[in-house]
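Reproduced below: my_file-v5.pdb, with PDB, C-alpha atoms.
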ATOM      1  CA  GLN A   1       0.823   9.773  17.400  1.00  0.00           C
ATOM      2  CA  VAL A   2       1.002   9.037  13.676  1.00  0.00           C
ATOM      3  CA  GLN A   3      -2.019   7.287  12.238  1.00  0.00           C
ATOM      4  CA  LEU A   4      -2.399   5.627   8.849  1.00  0.00           C
ATOM      5  CA  VAL A   5      -5.926   4.857   7.732  1.00  0.00           C
ATOM      6  CA  GLU A   6      -6.478   2.536   4.783  1.00  0.00           C
ATOM      7  CA  SER A   7      -9.614   2.223   2.691  1.00  0.00           C
ATOM      8  CA  GLY A   8     -10.734   0.830  -0.622  1.00  0.00           C
ATOM      9  CA  GLY A   9     -10.504  -2.889  -0.056  1.00  0.00           C
ATOM     10  CA  GLY A  10     -13.301  -5.258  -0.898  1.00  0.00           C
ATOM     11  CA  LEU A  11     -14.454  -8.156  -3.019  1.00  0.00           C
ATOM     12  CA  VAL A  12     -13.638  -8.098  -6.722  1.00  0.00           C
ATOM     13  CA  GLN A  13     -13.712 -10.639  -9.517  1.00  0.00           C
ATOM     14  CA  ALA A  14     -10.519 -11.880 -11.106  1.00  0.00           C
ATOM     15  CA  GLY A  15      -9.423  -9.461 -13.796  1.00  0.00           C
ATOM     16  CA  GLY A  16     -10.995  -6.525 -12.026  1.00  0.00           C
ATOM     17  CA  SER A  17      -9.478  -3.462 -10.395  1.00  0.00           C
ATOM     18  CA  LEU A  18      -9.383  -1.780  -7.004  1.00  0.00           C
ATOM     19  CA  ARG A  19      -7.752   1.358  -5.675  1.00  0.00           C
ATOM     20  CA  LEU A  20      -6.552   1.415  -2.109  1.00  0.00           C
ATOM     21  CA  SER A  21      -6.011   4.648  -0.206  1.00  0.00           C
ATOM     22  CA  CYS A  22      -3.879   5.380   2.826  1.00  0.00           C
ATOM     23  CA  THR A  23      -4.296   8.717   4.558  1.00  0.00           C
ATOM     24  CA  ALA A  24      -1.743   9.843   7.108  1.00  0.00           C
ATOM     25  CA  SER A  25      -2.472  12.029  10.115  1.00  0.00           C
ATOM     26  CA  ILE A  26       0.607  14.138   9.369  1.00  0.00           C
ATOM     27  CA  ASN A  27       2.253  15.688   6.319  1.00  0.00           C
ATOM     28  CA  ILE A  28       3.625  12.773   4.311  1.00  0.00           C
ATOM     29  CA  PHE A  29       6.840  14.667   3.630  1.00  0.00           C
ATOM     30  CA  GLY A  30       7.668  13.669   7.182  1.00  0.00           C
ATOM     31  CA  PHE A  31       8.281  10.124   5.960  1.00  0.00           C
ATOM     32  CA  ASN A  32      11.291   8.837   4.057  1.00  0.00           C
ATOM     33  CA  THR A  33       9.102   6.292   2.313  1.00  0.00           C
ATOM     34  CA  MET A  34       5.510   5.152   2.244  1.00  0.00           C
ATOM     35  CA  GLY A  35       4.304   1.908   0.832  1.00  0.00           C
ATOM     36  CA  TRP A  36       2.043  -1.067   0.729  1.00  0.00           C
ATOM     37  CA  TYR A  37       2.587  -4.582   2.044  1.00  0.00           C
ATOM     38  CA  ARG A  38       0.277  -7.531   1.927  1.00  0.00           C
ATOM     39  CA  GLN A  39      -0.268 -10.687   3.912  1.00  0.00           C
ATOM     40  CA  GLY A  40      -2.136 -13.570   2.374  1.00  0.00           C
ATOM     41  CA  PRO A  41      -3.730 -16.411   4.354  1.00  0.00           C
ATOM     42  CA  GLY A  42      -1.012 -18.400   6.099  1.00  0.00           C
ATOM     43  CA  LYS A  43       1.727 -16.284   4.549  1.00  0.00           C
ATOM     44  CA  GLN A  44       4.218 -13.713   5.742  1.00  0.00           C
ATOM     45  CA  ARG A  45       3.794 -10.007   5.126  1.00  0.00           C
ATOM     46  CA  ASP A  46       5.437  -9.083   1.833  1.00  0.00           C
ATOM     47  CA  LEU A  47       6.329  -5.823   0.155  1.00  0.00           C
ATOM     48  CA  VAL A  48       4.121  -4.690  -2.720  1.00  0.00           C
ATOM     49  CA  ALA A  49       5.322  -1.195  -3.565  1.00  0.00           C
ATOM     50  CA  THR A  50       6.909   1.893  -2.047  1.00  0.00           C
ATOM     51  CA  ILE A  51       7.214   5.546  -2.928  1.00  0.00           C
ATOM     52  CA  THR A  52      10.013   7.759  -1.668  1.00  0.00           C
ATOM     53  CA  ARG A  53       9.830  11.308  -0.414  1.00  0.00           C
ATOM     54  CA  ASP A  54      10.913  12.556  -3.842  1.00  0.00           C
ATOM     55  CA  GLY A  55       8.139  10.534  -5.477  1.00  0.00           C
ATOM     56  CA  SER A  56      10.128   7.647  -6.895  1.00  0.00           C
ATOM     57  CA  PRO A  57       8.132   4.408  -7.023  1.00  0.00           C
ATOM     58  CA  ASN A  58       9.518   0.937  -6.441  1.00  0.00           C
ATOM     59  CA  TYR A  59       7.739  -2.347  -7.005  1.00  0.00           C
ATOM     60  CA  THR A  60       8.178  -5.977  -6.203  1.00  0.00           C
ATOM     61  CA  ASN A  61       8.886  -7.592  -9.581  1.00  0.00           C
ATOM     62  CA  SER A  62       5.701  -9.627  -9.625  1.00  0.00           C
ATOM     63  CA  MET A  63       3.621  -6.449  -9.216  1.00  0.00           C
ATOM     64  CA  LYS A  64       5.182  -4.446 -12.013  1.00  0.00           C
ATOM     65  CA  GLY A  65       2.756  -3.651 -14.797  1.00  0.00           C
ATOM     66  CA  ARG A  66      -0.353  -4.478 -12.771  1.00  0.00           C
ATOM     67  CA  PHE A  67      -0.025  -2.264  -9.701  1.00  0.00           C
ATOM     68  CA  ALA A  68       0.779   1.423  -9.481  1.00  0.00           C
ATOM     69  CA  ILE A  69       1.601   3.472  -6.399  1.00  0.00           C
ATOM     70  CA  SER A  70       0.975   7.201  -6.345  1.00  0.00           C
ATOM     71  CA  ARG A  71       0.341   9.995  -3.895  1.00  0.00           C
ATOM     72  CA  ASP A  72      -1.595  13.207  -3.353  1.00  0.00           C
ATOM     73  CA  ILE A  73       0.548  15.402  -1.148  1.00  0.00           C
ATOM     74  CA  ALA A  74      -2.223  17.891  -0.481  1.00  0.00           C
ATOM     75  CA  LYS A  75      -4.381  15.082   0.899  1.00  0.00           C
ATOM     76  CA  ASN A  76      -1.546  13.306   2.751  1.00  0.00           C
ATOM     77  CA  THR A  77      -2.648  10.195   0.904  1.00  0.00           C
ATOM     78  CA  VAL A  78      -0.898   7.374  -0.909  1.00  0.00           C
ATOM     79  CA  TYR A  79      -2.754   5.171  -3.357  1.00  0.00           C
ATOM     80  CA  LEU A  80      -2.306   1.693  -4.751  1.00  0.00           C
ATOM     81  CA  GLN A  81      -4.059   1.100  -8.046  1.00  0.00           C
ATOM     82  CA  MET A  82      -4.424  -2.620  -8.638  1.00  0.00           C
ATOM     83  CA  ASN A  83      -5.415  -3.894 -12.075  1.00  0.00           C
ATOM     84  CA  SER A  84      -5.851  -7.343 -13.614  1.00  0.00           C
ATOM     85  CA  LEU A  85      -6.332  -8.785 -10.161  1.00  0.00           C
ATOM     86  CA  LYS A  86      -5.651 -12.480  -9.658  1.00  0.00           C
ATOM     87  CA  LEU A  87      -6.884 -14.949  -7.075  1.00  0.00           C
ATOM     88  CA  GLU A  88      -3.434 -14.939  -5.494  1.00  0.00           C
ATOM     89  CA  ASP A  89      -3.716 -11.202  -4.836  1.00  0.00           C
ATOM     90  CA  THR A  90      -6.193 -12.014  -2.073  1.00  0.00           C
ATOM     91  CA  ALA A  91      -4.670 -10.656   1.133  1.00  0.00           C
ATOM     92  CA  VAL A  92      -4.848  -8.034   3.822  1.00  0.00           C
ATOM     93  CA  TYR A  93      -3.088  -4.963   2.468  1.00  0.00           C
ATOM     94  CA  TYR A  94      -1.224  -2.776   4.941  1.00  0.00           C
ATOM     95  CA  CYS A  95      -0.052   0.786   4.538  1.00  0.00           C
ATOM     96  CA  ASN A  96       3.451   1.481   5.806  1.00  0.00           C
ATOM     97  CA  ALA A  97       5.328   4.699   6.482  1.00  0.00           C
ATOM     98  CA  GLU A  98       8.910   5.014   7.629  1.00  0.00           C
ATOM     99  CA  THR A  99      11.137   7.656   9.093  1.00  0.00           C
ATOM    100  CA  ILE A 100      14.795   7.167   9.979  1.00  0.00           C
ATOM    101  CA  LEU A 101      13.829   6.024  13.450  1.00  0.00           C
ATOM    102  CA  ARG A 102      10.396   4.448  13.193  1.00  0.00           C
ATOM    103  CA  LYS A 103       7.972   2.406  11.134  1.00  0.00           C
ATOM    104  CA  PHE A 104       4.236   2.955  11.194  1.00  0.00           C
ATOM    105  CA  TRP A 105       1.468   0.638  10.061  1.00  0.00           C
ATOM    106  CA  GLY A 106      -2.176   0.983   9.235  1.00  0.00           C
ATOM    107  CA  GLN A 107      -4.789  -1.454  10.435  1.00  0.00           C
ATOM    108  CA  GLY A 108      -5.026  -3.210   7.084  1.00  0.00           C
ATOM    109  CA  THR A 109      -7.744  -3.537   4.481  1.00  0.00           C
ATOM    110  CA  GLN A 110      -8.965  -6.858   3.086  1.00  0.00           C
ATOM    111  CA  VAL A 111      -8.837  -7.509  -0.636  1.00  0.00           C
ATOM    112  CA  THR A 112     -10.570 -10.645  -1.821  1.00  0.00           C
ATOM    113  CA  VAL A 113     -10.391 -11.717  -5.447  1.00  0.00           C
ATOM    114  CA  SER A 114     -12.995 -14.246  -6.541  1.00  0.00           C
ATOM    115  CA  SER A 115     -13.171 -16.448  -9.617  1.00  0.00           C
TER     116      SER A 115
END
Full structure transcribed into C-alpha coordinates:
Amino acid sequence: QVQLVESGGGLVQAGGSLRLSCTASINIFGFNTMGWYRQGPGKQRDLVATITRDGSPNYTNSMKGRFAISRDIAKNTVYLQMNSLKLEDTAVYYCNAETILRKFWGQGTQVTVSS
(Lines of atoms letter the chains of each structure in order from A and count residues from 1; the text may use other names and numbers.)
(Lines give C-alpha, C1' and ligand atoms only; values in the text may rest on other atoms or scores of the structure.)
Protein backbone atom coordinates (compact mmCIF):
# COMPACT_ATOMS: atom_id res chain seq x y z
CA GLN A 1 0.00 0.00 0.00
CA VAL A 2 1.44 3.35 -1.07
CA GLN A 3 1.58 5.98 1.64
CA LEU A 4 2.23 9.70 1.30
CA VAL A 5 3.09 11.56 4.47
CA GLU A 6 3.02 15.35 4.48
CA SER A 7 4.69 17.65 6.97
CA GLY A 8 5.70 21.26 7.33
CA GLY A 9 2.37 23.00 7.66
CA GLY A 10 1.63 25.49 10.38
CA LEU A 11 0.78 29.06 11.25
CA VAL A 12 2.69 31.83 9.49
CA GLN A 13 2.23 35.56 9.10
CA ALA A 14 1.36 37.08 5.76
CA GLY A 15 4.51 37.60 3.74
CA GLY A 16 6.24 34.69 5.39
CA SER A 17 7.41 31.35 4.03
CA LEU A 18 6.84 27.66 4.64
CA ARG A 19 8.20 24.50 3.09
CA LEU A 20 5.97 21.47 2.87
CA SER A 21 7.36 17.96 2.49
CA CYS A 22 5.74 14.82 1.17
CA THR A 23 7.53 11.52 1.66
CA ALA A 24 6.39 8.46 -0.25
CA SER A 25 6.64 4.89 1.00
CA ILE A 26 7.99 3.77 -2.37
CA ASN A 27 10.51 5.01 -4.92
CA ILE A 28 8.98 8.13 -6.44
CA PHE A 29 10.09 7.06 -9.91
CA GLY A 30 7.12 4.73 -9.67
CA PHE A 31 4.83 7.71 -10.19
CA ASN A 32 4.13 9.54 -13.43
CA THR A 33 3.61 12.75 -11.52
CA MET A 34 3.61 14.02 -7.97
CA GLY A 35 2.10 17.25 -6.83
CA TRP A 36 0.34 19.44 -4.36
CA TYR A 37 -3.32 20.41 -4.16
CA ARG A 38 -5.04 22.61 -1.65
CA GLN A 39 -8.52 23.00 -0.26
CA GLY A 40 -9.51 26.21 1.44
CA PRO A 41 -12.48 26.58 3.80
CA GLY A 42 -15.69 25.98 1.86
CA LYS A 43 -13.81 25.54 -1.40
CA GLN A 44 -13.03 22.70 -3.76
CA ARG A 45 -9.64 21.04 -3.91
CA ASP A 46 -7.47 22.84 -6.45
CA LEU A 47 -4.16 22.09 -8.10
CA VAL A 48 -1.13 24.01 -6.86
CA ALA A 49 1.83 22.42 -8.62
CA THR A 50 3.06 19.14 -10.08
CA ILE A 51 6.38 17.61 -11.00
CA THR A 52 6.76 14.89 -13.59
CA ARG A 53 8.93 11.81 -13.47
CA ASP A 54 11.57 13.61 -15.55
CA GLY A 55 11.54 16.52 -13.10
CA SER A 56 9.55 19.06 -15.06
CA PRO A 57 7.53 21.39 -12.83
CA ASN A 58 4.11 22.79 -13.63
CA TYR A 59 2.24 25.46 -11.71
CA THR A 60 -1.20 26.93 -11.53
CA ASN A 61 -0.78 30.45 -12.92
CA SER A 62 -1.60 32.17 -9.65
CA MET A 63 1.20 30.26 -7.90
CA LYS A 64 3.97 31.04 -10.34
CA GLY A 65 6.74 33.12 -8.83
CA ARG A 66 5.71 32.48 -5.23
CA PHE A 67 5.68 28.69 -4.98
CA ALA A 68 8.30 26.20 -6.10
CA ILE A 69 8.02 22.42 -6.30
CA SER A 70 11.11 20.25 -6.09
CA ARG A 71 12.12 16.74 -5.15
CA ASP A 72 14.84 14.69 -3.50
CA ILE A 73 14.85 11.32 -5.21
CA ALA A 74 17.13 9.72 -2.65
CA LYS A 75 14.65 10.63 0.09
CA ASN A 76 11.52 9.80 -1.95
CA THR A 77 10.34 13.28 -1.04
CA VAL A 78 8.68 16.13 -2.89
CA TYR A 79 8.74 19.65 -1.51
CA LEU A 80 6.63 22.76 -1.93
CA GLN A 81 8.42 25.97 -1.05
CA MET A 82 5.88 28.71 -0.45
CA ASN A 83 7.01 32.33 -0.26
CA SER A 84 5.23 35.67 0.13
CA LEU A 85 2.28 33.87 1.65
CA LYS A 86 -1.10 35.58 1.54
CA LEU A 87 -4.20 35.19 3.66
CA GLU A 88 -5.91 33.43 0.77
CA ASP A 89 -3.23 30.72 0.80
CA THR A 90 -4.81 29.39 3.99
CA ALA A 91 -5.89 25.83 3.22
CA VAL A 92 -5.25 22.17 3.82
CA TYR A 93 -2.48 21.15 1.44
CA TYR A 94 -2.57 17.62 0.06
CA CYS A 95 0.21 15.64 -1.56
CA ASN A 96 -0.79 13.70 -4.66
CA ALA A 97 0.94 10.97 -6.63
CA GLU A 98 -0.32 9.35 -9.80
CA THR A 99 0.43 6.29 -11.84
CA ILE A 100 -1.33 5.34 -15.06
CA LEU A 101 -3.94 3.43 -13.10
CA ARG A 102 -4.22 5.08 -9.70
CA LYS A 103 -4.11 8.28 -7.70
CA PHE A 104 -2.80 8.46 -4.16
CA TRP A 105 -3.35 11.14 -1.55
CA GLY A 106 -1.73 12.13 1.69
CA GLN A 107 -3.70 13.02 4.78
CA GLY A 108 -3.18 16.75 4.32
CA THR A 109 -1.34 19.40 6.28
CA GLN A 110 -2.91 22.66 7.44
CA VAL A 111 -1.39 25.97 6.41
CA THR A 112 -2.81 29.03 8.11
CA VAL A 113 -1.69 32.50 7.10
CA SER A 114 -2.46 35.26 9.59
CA SER A 115 -2.46 39.02 9.19
| Atomic separation - atom CA of A:Asp72 relative to atom CA of A:Asn58, Å |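 Between atom CA of A:Asn58 and atom CA of A:Asp72 the gap works out to 16.8 Å.
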| message | List as an MDAnalysis selection string the residues having at least one atom at most 12 Å from position (-7.6, -8.0, -6.0) as given in the file, counting all atoms listed in the file. | response | chainID A and resid 8:20 38 40 63 66:67 80:93 109:115
| task | Name the residues captured by the PyMOL selection byres ((chain A and resi 2-5) around 12) when it is applied to the shown file; answer as a PyMOL selection string. | result | chain A and resi 1+6-9+20-28+30-31+34-36+76-79+93-99+102-109
| query | Could you state the separation of atom CA of A:Tyr37 and atom CA of A:Ile73 in Å, given to one decimal place? | reply |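 Separation of atom CA of A:Tyr37 and atom CA of A:Ile73: 20.3 Å.
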Taking all atoms of stretch 49-55 of chain A that the file lists, what box with edges along x, y and z, padded by 6 Å per side, do you get, with centre and edge lengths in Å to one decimal, as AutoDock Vina command-line options?
--center_x 8.1 --center_y 5.7 --center_z -2.9 --size_x 17.6 --size_y 25.8 --size_z 17.1
| task | Given the file shown, determine the residues that the PyMOL selection byres ((chain A and resi 59) around 10) selects; report them as a ChimeraX atom specification. | result | /A:35-36,47-51,57-58,60-65,67-69
| Interatomic distance between atom CA of A:Leu101 and atom CA of A:Phe29? |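 These two atoms are separated by 14.8 Å.
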